[in-house]
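**Q** Here you go, one structure.
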Amino acid sequence: MEEVATLPQTRWQGRDRAATPFYAITPFTMLDFPGHTACIIWIAGCNMRCGYCHNPQIVLGKGTIREEEAMDFLGRRKGLLDGVVLSGGEATSWPGLVGFAQEVKAMGFALKLDTNGLRPDVVTQLLDRRLIDSIALDYKAPRAKFRDVTGVTAWQRFSATLDLLCAQGEIPFEVRTTVHDALMDEDDVLAITRDLKGRGYDGVHVLQIAVIDPDRPTLGALPLQRRDWDLAVLQERAPLSLVLRQQ
Ligand code: SF4
């Protein structure tokens, strides 16, 4: 009988060992993963082009940190941190995310995913394998303005992720919207909260006012906001609890 050679099963199989998927690591945060002391791993690259994005260097640039360097860092943080936030850029646009999450989870860390929702297939894999303990989803804009705000035609994919997350009842899940008055108005925010309510979401809707710093260019070179947002009206009319958070 012919002998079949088997490849050694290393953790690198199917992944590029020389690649540098990570732009940076924030070694400590108590704010980004509620209830956890965590670090943030910033994954380079993104599948959106939001005008107010403050991180063009992460979205358009290359990473500088290899997977094994990140694993070494996490190995040294065992017992000091209990969580890891996978952020970016867009974490789900990195093909190695599920394998990496599996390894980090096996080290005993809780995982939080920050996502723009364009990869329902990746979110499904993470949920099915029980790798994620918390998710923050950016709901960028209502359907009619989704392309203007994000630079991509991908509403259906975002909508699929939102349905997926609303249907699962196990993992804490938060929805956030960043607003700039050159892109959206109060009616758009209310359209988002109504859509969330209609899909069965009953958490808070976090609103972040885009802060434009003339010395720090955004992806879309947006101007300063021209007016204040009418938060009182929004909070009165929104069918969900609307919470303002500083960026
Ligand atoms: S703000 Fe938009 S472009 Fe910037 S990282 Fe987030 S999803 Fe990508």
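So you can find residues: chains in the structure tokens are A, B, ... in the order shown, residues in each start at 1, and ligands are numbered from 1 in order.
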To check your reading of the model: which residues sit at most 7 Å from ligand 1 when counting only C-alpha atoms and all ligand atoms? Write the answer as number ranges by chain.

**A** A: 46-50, 52-56, 59, 88-90, 116, 150

**Q** With only C-alpha atoms as the counted atoms, please give the residues lying no more than 7 Å from segment 13-29 of chain A, apart from itself and same-chain residues fewer than 5 positions off, as a list in words.

**A**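 Listing them by chain and then by number gives Thr37, Ala38, Cys39, Ile40, Ile41, Trp42, Ile43, Ala44, Ile58, Lys62, Gly63, Thr64, Ile65, Arg66, Glu67 and Gly96 of chain A.
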
**Q** Find, counting only C-alpha atoms, the residue in A:Gln246, A:Thr178, A:Phe146, A:Lys105 that gets nearest to Leu86 of chain A.

**A**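 Result for the nearest residue to Leu86 of chain A: A:Lys105.
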
**Q** From the options A:Trp229, A:Phe100, A:Trp94, A:Phe158, which residue's atoms come nearest to Leu131 of chain A, counting only C-alpha atoms?

**A**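 Of A:Trp229, A:Phe100, A:Trp94, A:Phe158, the one nearest Leu131 of chain A, counting only C-alpha atoms, is A:Phe100.
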
**Q** Please determine, counting only C-alpha atoms, which residue among A:Met184, A:Ala101, A:Leu80, A:Val189 has the shortest atom-to-atom distance to Leu242 of chain A.

**A**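 Checking each candidate against Leu242 of chain A, we get A:Val189 as the closest.
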
**Q** Find the residues near Ile171 of chain A: any atom within 9 Å, counting only C-alpha atoms, skip ones fewer than 3 places away on the same chain, and give them as a ChimeraX atom specification.

**A** /A:127,132-135,165,168

**Q** Would you save the residues from that selection as a compact mmCIF listing (two decimals), in the first residue's frame, using N, CA and C atoms?

**A**
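File produced: out_9.txt:
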```txt
# COMPACT_ATOMS: atom_id res chain seq x y z
N LEU A 127 -18.08 32.75 16.19
CA LEU A 127 -19.17 32.39 17.11
C LEU A 127 -19.31 30.87 17.21
N ILE A 132 -15.21 34.07 20.87
CA ILE A 132 -15.39 35.48 21.20
C ILE A 132 -16.29 35.63 22.43
N ASP A 133 -15.90 36.56 23.32
CA ASP A 133 -16.65 36.77 24.56
C ASP A 133 -17.41 38.09 24.56
N SER A 134 -17.09 38.96 23.62
CA SER A 134 -17.77 40.26 23.56
C SER A 134 -17.55 40.84 22.16
N ILE A 135 -18.56 41.56 21.65
CA ILE A 135 -18.42 42.15 20.31
C ILE A 135 -18.92 43.59 20.34
N LEU A 165 -25.86 38.71 14.88
CA LEU A 165 -25.56 39.09 16.26
C LEU A 165 -26.84 39.32 17.06
N GLN A 168 -28.18 35.80 18.11
CA GLN A 168 -27.50 35.04 19.15
C GLN A 168 -27.77 35.73 20.50
```

**Q** Which residues in segment 4-191 of chain A does DSSP call helix (DSSP H, G or I)? List them as a PyMOL selection string.

**A** chain A and resi 56-60+67-77+91-93+97-106+120-128+143-150+155-167+186-191

**Q** Interatomic distance between atom CA of Val204 of chain A and atom CA of Arg237 of chain A?

**A** 14.1 Å

**Q** Within 9 Å of Gln156 of chain A, counting only C-alpha atoms, which residues show up once you throw out same-chain ones fewer than 3 positions away? Write them as a ChimeraX atom specification, please.

**A** /A:118,143,153,159-161
